[in-house]
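**Q** This one is my_file_10.csv, CSV, C-alpha atoms.
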```csv
chain,number,residue,atom,x,y,z
A,1,MET,CA,-10.6,41.8,19.6
A,2,VAL,CA,-11.3,38.2,18.5
A,3,SER,CA,-8.5,36.7,16.5
A,4,THR,CA,-9.2,34.5,13.5
A,5,ARG,CA,-7.0,32.0,11.7
A,6,THR,CA,-6.6,31.9,8.0
A,7,ASP,CA,-7.4,28.6,6.2
A,8,ALA,CA,-3.7,28.1,5.7
A,9,THR,CA,-3.0,28.5,9.4
A,10,ALA,CA,-5.8,26.1,10.3
A,11,GLY,CA,-4.6,23.6,7.8
A,12,GLY,CA,-1.1,23.7,9.3
A,13,ALA,CA,-2.5,23.2,12.7
A,14,GLY,CA,-4.5,20.2,11.4
A,15,VAL,CA,-1.4,18.7,9.8
A,16,ALA,CA,0.5,19.1,13.1
A,17,GLN,CA,-2.2,17.3,15.0
A,18,VAL,CA,-2.2,14.4,12.6
A,19,ALA,CA,1.6,14.2,12.5
A,20,LYS,CA,1.7,14.2,16.3
A,21,LEU,CA,-0.8,11.4,16.4
A,22,ILE,CA,1.3,9.3,13.9
A,23,ALA,CA,4.6,10.2,15.6
A,24,ASN,CA,4.2,7.5,18.3
A,25,GLY,CA,6.0,4.2,18.1
A,26,PRO,CA,3.0,1.9,19.0
A,27,ARG,CA,0.6,3.8,16.8
A,28,ALA,CA,3.0,3.8,13.9
A,29,ALA,CA,3.5,0.1,14.3
A,30,MET,CA,-0.2,-0.6,14.2
A,31,LEU,CA,-0.7,1.7,11.2
A,32,ASP,CA,2.0,-0.2,9.4
A,33,LEU,CA,0.3,-3.5,9.9
A,34,LEU,CA,-3.0,-2.0,8.7
A,35,MET,CA,-1.3,-1.1,5.4
A,36,ASP,CA,-2.1,-4.6,4.3
A,37,ARG,CA,-5.7,-3.4,3.8
A,38,GLN,CA,-7.0,-6.2,6.0
A,39,ALA,CA,-9.1,-5.8,9.2
A,40,HIS,CA,-7.3,-6.8,12.4
A,41,PRO,CA,-8.5,-7.2,16.0
A,42,ALA,CA,-7.1,-5.0,18.7
A,43,GLY,CA,-5.2,-8.0,20.2
A,44,VAL,CA,-3.2,-8.6,17.0
A,45,LEU,CA,-2.5,-4.9,16.8
A,46,ALA,CA,-1.4,-4.8,20.4
A,47,ARG,CA,1.1,-7.6,19.8
A,48,GLN,CA,2.4,-5.8,16.7
A,49,ALA,CA,3.0,-2.7,18.7
A,50,GLY,CA,4.4,-4.5,21.8
A,51,VAL,CA,1.9,-3.0,24.2
A,52,ALA,CA,-0.9,-4.2,26.5
A,53,PRO,CA,-4.4,-4.6,25.0
A,54,SER,CA,-5.7,-1.8,27.1
A,55,THR,CA,-3.0,0.5,25.9
A,56,ALA,CA,-3.6,-0.5,22.3
A,57,SER,CA,-7.3,0.3,22.7
A,58,GLY,CA,-6.5,3.8,23.8
A,59,HIS,CA,-4.2,4.3,20.8
A,60,LEU,CA,-6.8,2.8,18.4
A,61,GLY,CA,-9.5,5.1,19.8
A,62,ALA,CA,-7.3,8.1,19.2
A,63,LEU,CA,-6.7,7.0,15.6
A,64,ALA,CA,-10.4,6.4,15.1
A,65,ASP,CA,-11.3,9.8,16.5
A,66,ARG,CA,-9.1,11.4,13.9
A,67,GLY,CA,-10.5,9.3,11.1
A,68,LEU,CA,-7.3,7.4,10.3
A,69,VAL,CA,-8.8,4.0,11.1
A,70,THR,CA,-12.4,2.6,11.1
A,71,VAL,CA,-13.8,0.1,13.5
A,72,GLU,CA,-16.4,-2.6,13.0
A,73,ARG,CA,-17.8,-5.3,15.3
A,74,VAL,CA,-17.4,-8.9,14.2
A,75,GLY,CA,-19.1,-10.9,16.9
A,76,ARG,CA,-17.7,-9.8,20.2
A,77,GLN,CA,-14.5,-8.5,18.6
A,78,ARG,CA,-13.7,-5.0,17.3
A,79,GLN,CA,-11.7,-5.1,14.2
A,80,TYR,CA,-9.8,-2.1,12.8
A,81,ARG,CA,-8.7,-1.1,9.3
A,82,LEU,CA,-7.3,2.0,7.6
A,83,SER,CA,-10.0,4.4,6.7
A,84,GLY,CA,-9.0,4.5,3.0
A,85,PRO,CA,-6.3,4.8,0.4
A,86,GLU,CA,-5.6,8.5,1.2
A,87,VAL,CA,-4.3,7.5,4.7
A,88,ALA,CA,-2.2,4.8,3.1
A,89,HIS,CA,-0.7,7.2,0.6
A,90,ALA,CA,0.2,9.6,3.4
A,91,LEU,CA,1.9,6.9,5.4
A,92,GLU,CA,3.8,5.6,2.4
A,93,SER,CA,5.0,9.2,1.6
A,94,LEU,CA,6.2,9.6,5.2
A,95,ALA,CA,8.1,6.3,4.9
A,96,ALA,CA,9.8,7.6,1.8
A,97,LEU,CA,11.2,10.5,3.8
A,98,ALA,CA,12.2,8.4,6.8
A,99,PRO,CA,15.9,7.4,7.3
A,100,THR,CA,16.8,3.7,6.9
A,101,ILE,CA,16.8,1.8,10.2
A,102,ARG,CA,19.5,-0.8,10.7
A,103,VAL,CA,18.1,-4.3,11.4
A,104,SER,CA,19.5,-6.1,14.4
A,105,SER,CA,18.3,-9.7,13.9
A,106,LEU,CA,18.0,-12.3,11.1
A,107,ARG,CA,14.2,-12.2,11.4
A,108,GLN,CA,14.2,-8.4,10.9
A,109,ALA,CA,16.5,-8.7,7.9
A,110,THR,CA,14.3,-11.4,6.4
A,111,ASN,CA,11.2,-9.3,6.9
A,112,ALA,CA,12.9,-6.3,5.5
A,113,GLU,CA,14.0,-8.1,2.4
A,114,GLN,CA,10.5,-9.6,1.8
A,115,LEU,CA,9.0,-6.1,2.0
A,116,ARG,CA,11.7,-4.7,-0.4
A,117,ARG,CA,11.1,-7.5,-2.9
A,118,ALA,CA,7.3,-7.4,-3.2
A,119,ARG,CA,4.5,-6.0,-1.0
A,120,THR,CA,1.2,-4.2,-1.1
A,121,CYS,CA,1.0,-0.5,-0.5
A,122,TYR,CA,-2.5,-0.7,0.9
A,123,ASP,CA,-4.2,-2.0,-2.2
A,124,HIS,CA,-1.6,-1.8,-5.0
A,125,LEU,CA,1.8,-3.4,-5.6
A,126,ALA,CA,5.0,-1.9,-4.3
A,127,GLY,CA,8.6,-2.9,-3.7
A,128,ARG,CA,10.9,-4.1,-6.5
A,129,LEU,CA,8.0,-6.0,-8.2
A,130,GLY,CA,5.7,-2.9,-8.2
A,131,VAL,CA,8.4,-0.6,-9.5
A,132,MET,CA,9.6,-3.1,-12.2
A,133,LEU,CA,6.0,-3.6,-13.4
A,134,THR,CA,5.4,0.1,-13.6
A,135,GLU,CA,8.6,0.9,-15.4
A,136,ARG,CA,8.0,-1.9,-17.9
A,137,LEU,CA,4.6,-0.5,-18.6
A,138,VAL,CA,6.1,2.9,-19.2
A,139,SER,CA,8.9,1.6,-21.4
A,140,ASP,CA,6.3,-0.3,-23.5
A,141,ARG,CA,4.3,2.9,-23.8
A,142,ALA,CA,1.3,1.3,-22.0
A,143,LEU,CA,1.6,4.2,-19.4
A,144,ARG,CA,2.8,7.8,-19.9
A,145,ARG,CA,4.1,9.8,-16.9
A,146,THR,CA,2.2,13.1,-16.5
A,147,GLY,CA,3.4,14.9,-13.4
A,148,ASP,CA,2.4,13.0,-10.3
A,149,ALA,CA,0.2,10.5,-12.2
A,150,PHE,CA,0.2,8.2,-15.2
A,151,GLU,CA,-1.9,8.2,-18.3
A,152,LEU,CA,-3.1,4.8,-19.6
A,153,THR,CA,-2.6,4.6,-23.4
A,154,PRO,CA,-5.0,2.7,-25.7
A,155,SER,CA,-2.4,0.0,-26.2
A,156,GLY,CA,-2.0,-0.1,-22.4
A,157,ARG,CA,-5.7,-0.6,-21.9
A,158,SER,CA,-5.7,-3.5,-24.3
A,159,LEU,CA,-2.7,-5.0,-22.6
A,160,LEU,CA,-4.2,-4.9,-19.1
A,161,GLU,CA,-7.6,-5.9,-20.2
A,162,GLY,CA,-6.0,-8.8,-22.0
A,163,ILE,CA,-5.1,-10.3,-18.6
A,164,GLY,CA,-8.5,-9.5,-17.1
A,165,VAL,CA,-7.8,-6.2,-15.4
A,166,ASP,CA,-11.1,-4.3,-14.9
A,167,VAL,CA,-10.0,-0.9,-16.3
A,168,GLY,CA,-13.5,0.4,-16.8
A,169,GLY,CA,-14.4,-0.4,-13.2
A,170,ALA,CA,-11.2,1.4,-12.0
A,171,ARG,CA,-12.1,4.5,-13.9
A,172,ARG,CA,-15.5,4.6,-12.2
A,173,ARG,CA,-14.1,4.6,-8.7
A,174,LYS,CA,-14.2,7.9,-6.9
A,175,ARG,CA,-10.4,8.3,-6.4
A,176,GLY,CA,-7.3,9.0,-8.4
A,177,PHE,CA,-7.1,6.7,-11.4
A,178,ALA,CA,-3.4,6.0,-12.1
A,179,LEU,CA,-1.3,7.8,-9.5
A,180,ALA,CA,2.5,7.8,-9.3
A,181,CYS,CA,3.2,6.6,-5.7
A,182,GLN,CA,6.8,7.1,-4.4
A,183,ASP,CA,8.2,3.8,-3.3
A,184,TRP,CA,9.9,4.1,0.1
A,185,THR,CA,12.3,1.2,-0.5
A,186,GLU,CA,13.1,1.7,-4.2
A,187,ARG,CA,13.0,5.5,-4.1
A,188,ARG,CA,11.2,5.4,-7.5
A,189,SER,CA,7.5,5.5,-8.4
A,190,HIS,CA,5.1,2.6,-8.6
A,191,LEU,CA,1.6,2.6,-10.0
A,192,GLY,CA,-1.1,3.5,-7.4
A,193,GLY,CA,-4.6,4.7,-7.5
A,194,ALA,CA,-7.6,2.8,-8.7
A,195,LEU,CA,-5.8,1.3,-11.6
A,196,GLY,CA,-2.9,0.1,-9.4
A,197,ALA,CA,-5.5,-1.6,-7.1
A,198,ALA,CA,-7.2,-3.2,-10.0
A,199,VAL,CA,-3.9,-4.7,-11.3
A,200,CYS,CA,-3.0,-6.0,-7.9
A,201,ASP,CA,-6.4,-7.5,-7.4
A,202,ARG,CA,-6.2,-9.3,-10.7
A,203,LEU,CA,-2.7,-10.7,-10.1
A,204,ILE,CA,-4.0,-12.1,-6.8
A,205,GLU,CA,-7.1,-13.6,-8.6
A,206,LEU,CA,-4.8,-15.2,-11.2
A,207,ALA,CA,-2.6,-16.6,-8.3
A,208,TRP,CA,0.4,-15.0,-9.9
A,209,ILE,CA,1.0,-13.4,-6.4
A,210,ARG,CA,-0.2,-14.3,-3.0
A,211,ARG,CA,-0.1,-12.6,0.4
A,212,ARG,CA,2.3,-13.7,3.0
A,213,PRO,CA,0.4,-14.3,6.3
A,214,GLY,CA,0.9,-11.7,9.0
A,215,GLY,CA,2.0,-8.7,7.0
A,216,ARG,CA,1.9,-7.0,3.6
A,217,ALA,CA,4.7,-8.8,1.8
A,218,VAL,CA,3.5,-10.8,-1.1
A,219,ILE,CA,5.0,-13.9,-2.8
A,220,LEU,CA,5.5,-14.2,-6.5
A,221,THR,CA,4.4,-17.7,-7.5
A,222,GLY,CA,6.1,-19.9,-10.0
A,223,GLU,CA,3.2,-19.4,-12.4
A,224,GLY,CA,3.5,-15.6,-11.7
A,225,VAL,CA,7.1,-15.6,-12.7
A,226,GLU,CA,6.3,-17.3,-16.0
A,227,ARG,CA,3.2,-15.3,-16.8
A,228,LEU,CA,4.5,-11.9,-15.8
A,229,THR,CA,7.4,-12.4,-18.1
A,230,SER,CA,5.4,-13.7,-21.1
A,231,SER,CA,2.4,-11.3,-20.7
A,232,LEU,CA,4.0,-8.1,-19.3
A,233,GLY,CA,7.7,-8.5,-19.8
A,234,VAL,CA,8.5,-8.4,-16.1
A,235,GLU,CA,11.4,-10.6,-15.0
A,236,LEU,CA,11.7,-11.2,-11.2
A,237,GLU,CA,12.5,-14.6,-9.8
A,238,SER,CA,10.1,-16.3,-7.3
```
Please rewrite the model in this file as structure tokens.
**A**
Amino acid sequence: MVSTRTDATAGGAGVAQVAKLIANGPRAAMLDLLMDRQAHPAGVLARQAGVAPSTASGHLGALADRGLVTVERVGRQRQYRLSGPEVAHALESLAALAPTIRVSSLRQATNAEQLRRARTCYDHLAGRLGVMLTERLVSDRALRRTGDAFELTPSGRSLLEGIGVDVGGARRRKRGFALACQDWTERRSHLGGALGAAVCDRLIELAWIRRRPGGRAVILTGEGVERLTSSLGVELES
């Protein structure tokens, strides 16, 4: 007799395979760097993971085979990036479940504080800045929480479009519009989805925030401090 698996059983097996792939120190380190939404060459990812370039190539090949990362050629280099926001959302959700790891150096403590303060969660804002912005929009009734997502109110649309956020373009994207993403450092939700990405992109365009090199922490500029307070009511020092 030929045995068959139910869809539920097959799905569970698939989850186990992906989880096993991620549950590897070097691969997890490389995926964490790729959460900055940028493309990185294998050599940079190898240094991030603390492994030899040949070892990194094997790990990246396995991640690409499972569709977690994509690869593109830029000249002679192969550059890798996360395959999409769904992968980033899964990684952030796992991080929210993970225990806190003690830091053992000043550098690690500094990096950890920068990530807690303000960072990107793939393509939207996270950390204290992302959570504070989201909670302010909710308290001002620009957003309404609806289960695992947010609803943008008419006044919220006017508010965001007033600073140049492309709300219409975000609605047309083929992904969740205004998702509630669990923040792994703050243990509260920040705004994700296409709208969260549009807000983050606009704040970068306005130079209210800028990316820190070599990671996904972001810096709140002096102008950003002033304008986020005056325009959106968010108070976080630079």
**Q** Using only C-alpha atoms, what does the table of segment 139-177 of chain A residues within 12 Å of segment 121-134 of chain A look like, with each row giving the shortest atom pair and its distance in Å to one decimal, sorted by chain and ascending number, as CSV?
**A**
```
residue,atom,partner,partner_atom,distance
A:Ser139,CA,A:Thr134,CA,8.7
A:Asp140,CA,A:Thr134,CA,9.9
A:Arg141,CA,A:Thr134,CA,10.6
A:Ala142,CA,A:Thr134,CA,9.4
A:Leu143,CA,A:Thr134,CA,8.1
A:Arg144,CA,A:Thr134,CA,10.3
A:Arg145,CA,A:Thr134,CA,10.3
A:Ala149,CA,A:Thr134,CA,11.7
A:Phe150,CA,A:Thr134,CA,9.8
A:Glu151,CA,A:Thr134,CA,11.9
A:Leu152,CA,A:Thr134,CA,11.4
A:Gly156,CA,A:Thr134,CA,11.5
A:Leu160,CA,A:Leu133,CA,11.8
A:Phe177,CA,A:His124,CA,12.0
```
**Q** Compile the contact shell of segment 179-183 of chain A as a PyMOL selection string: residues with an atom at most 6 Å away, counting all atoms listed in the file, same-chain residues fewer than 6 positions apart removed.
**A** chain A and resi 148-150+189-193
**Q** Within 12 Å of Met30 of chain A, counting only C-alpha atoms, which residues show up once you throw out same-chain ones fewer than 5 positions away? Write them as an NGL selection string, please.
**A** :A and (22-25 or 35-36 or 39-51 or 56-57 or 59-60 or 63 or 68-69 or 80-82 or 91 or 215)
**Q** One number please: atom CA of Asn111 of chain A to atom CA of Val199 of chain A, in Å, one decimal.
**A**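 Separation of atom CA of Asn111 of chain A and atom CA of Val199 of chain A: 24.1 Å.
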**Q** Any chance you could tabulate, as a Markdown table, the residues of segment 57-142 of chain A at most 10 Å from segment 220-224 of chain A with each one's nearest atom pair and distance in Å to one decimal, using all atoms listed in the file, in chain and rising number order?
**A**
```
| residue | atom | partner | partner_atom | distance |
| --- | --- | --- | --- | --- |
| A:Arg117 | CA | A:Leu220 | CA | 9.4 |
| A:Ala118 | CA | A:Leu220 | CA | 7.8 |
| A:Arg119 | CA | A:Leu220 | CA | 9.9 |
| A:Leu129 | CA | A:Leu220 | CA | 8.7 |
```
**Q** Using atom CA of Gly67 of chain A and atom CA of His89 of chain A as the two end points, give the distance in Å to one decimal.
**A**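 Here the two named atoms are 14.5 Å from each other.
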**Q** Give the answer as one residue: which of A:Leu33, A:Leu115, A:Ala178, A:Val165 has the shortest atom-to-atom distance to Thr146 of chain A, using all atoms listed in the file?
**A**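 Checking each of A:Leu33, A:Leu115, A:Ala178, A:Val165 against Thr146 of chain A, counting all atoms listed in the file, the winner is A:Ala178.
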**Q** Report, in Å with one decimal, the straight-line distance from atom CA of Ser158 of chain A to atom CA of Arg211 of chain A.
**A**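 Atom CA of Ser158 of chain A sits 26.9 Å away from atom CA of Arg211 of chain A.
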**Q** Go through A:Arg136, A:Ser93, A:Ala29, A:Thr110 and flag the residue nearest Glu235 of chain A, using all atoms listed in the file for the distances.
**A** A:Arg136
**Q** Pick the closest to Arg66 of chain A from A:Gly176, A:Pro53, A:Gly14, A:Pro85: which is it, counting only C-alpha atoms?
**A**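 Ranking A:Gly176, A:Pro53, A:Gly14, A:Pro85 by distance to Arg66 of chain A, first place goes to A:Gly14.
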**Q** Within 9 Å of Ser231 of chain A, counting only C-alpha atoms, which residues qualify if same-chain residues fewer than 5 places away don't, as a ChimeraX atom specification?
**A** /A:159,162-163,226
**Q** Excluding Val167 of chain A and any residue of its chain fewer than 2 positions from it, enumerate the residues within 9 Å of it, using only C-alpha atoms, and give them as a list in words.
**A** Arg157, Leu160, Glu161, Gly164, Val165, Gly169, Ala170, Arg171, Arg172, Ala194, Leu195, Ala198 and Val199 of chain A
**Q** Could you write those residues out with C-alpha atoms, as a compact mmCIF listing (two decimals), in the coordinates of the input?
**A**
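Contents of result_19.txt, as written:
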```txt
# COMPACT_ATOMS: atom_id res chain seq x y z
CA ARG A 157 -5.70 -0.60 -21.90
CA LEU A 160 -4.20 -4.90 -19.10
CA GLU A 161 -7.60 -5.90 -20.20
CA GLY A 164 -8.50 -9.50 -17.10
CA VAL A 165 -7.80 -6.20 -15.40
CA GLY A 169 -14.40 -0.40 -13.20
CA ALA A 170 -11.20 1.40 -12.00
CA ARG A 171 -12.10 4.50 -13.90
CA ARG A 172 -15.50 4.60 -12.20
CA ALA A 194 -7.60 2.80 -8.70
CA LEU A 195 -5.80 1.30 -11.60
CA ALA A 198 -7.20 -3.20 -10.00
CA VAL A 199 -3.90 -4.70 -11.30
```
**Q** So, with all atoms listed in the file as the atoms that count, which of A:Val18, A:Ala197, A:Ala112, A:Leu97 lies closest to Arg175 of chain A?
**A** A:Ala197
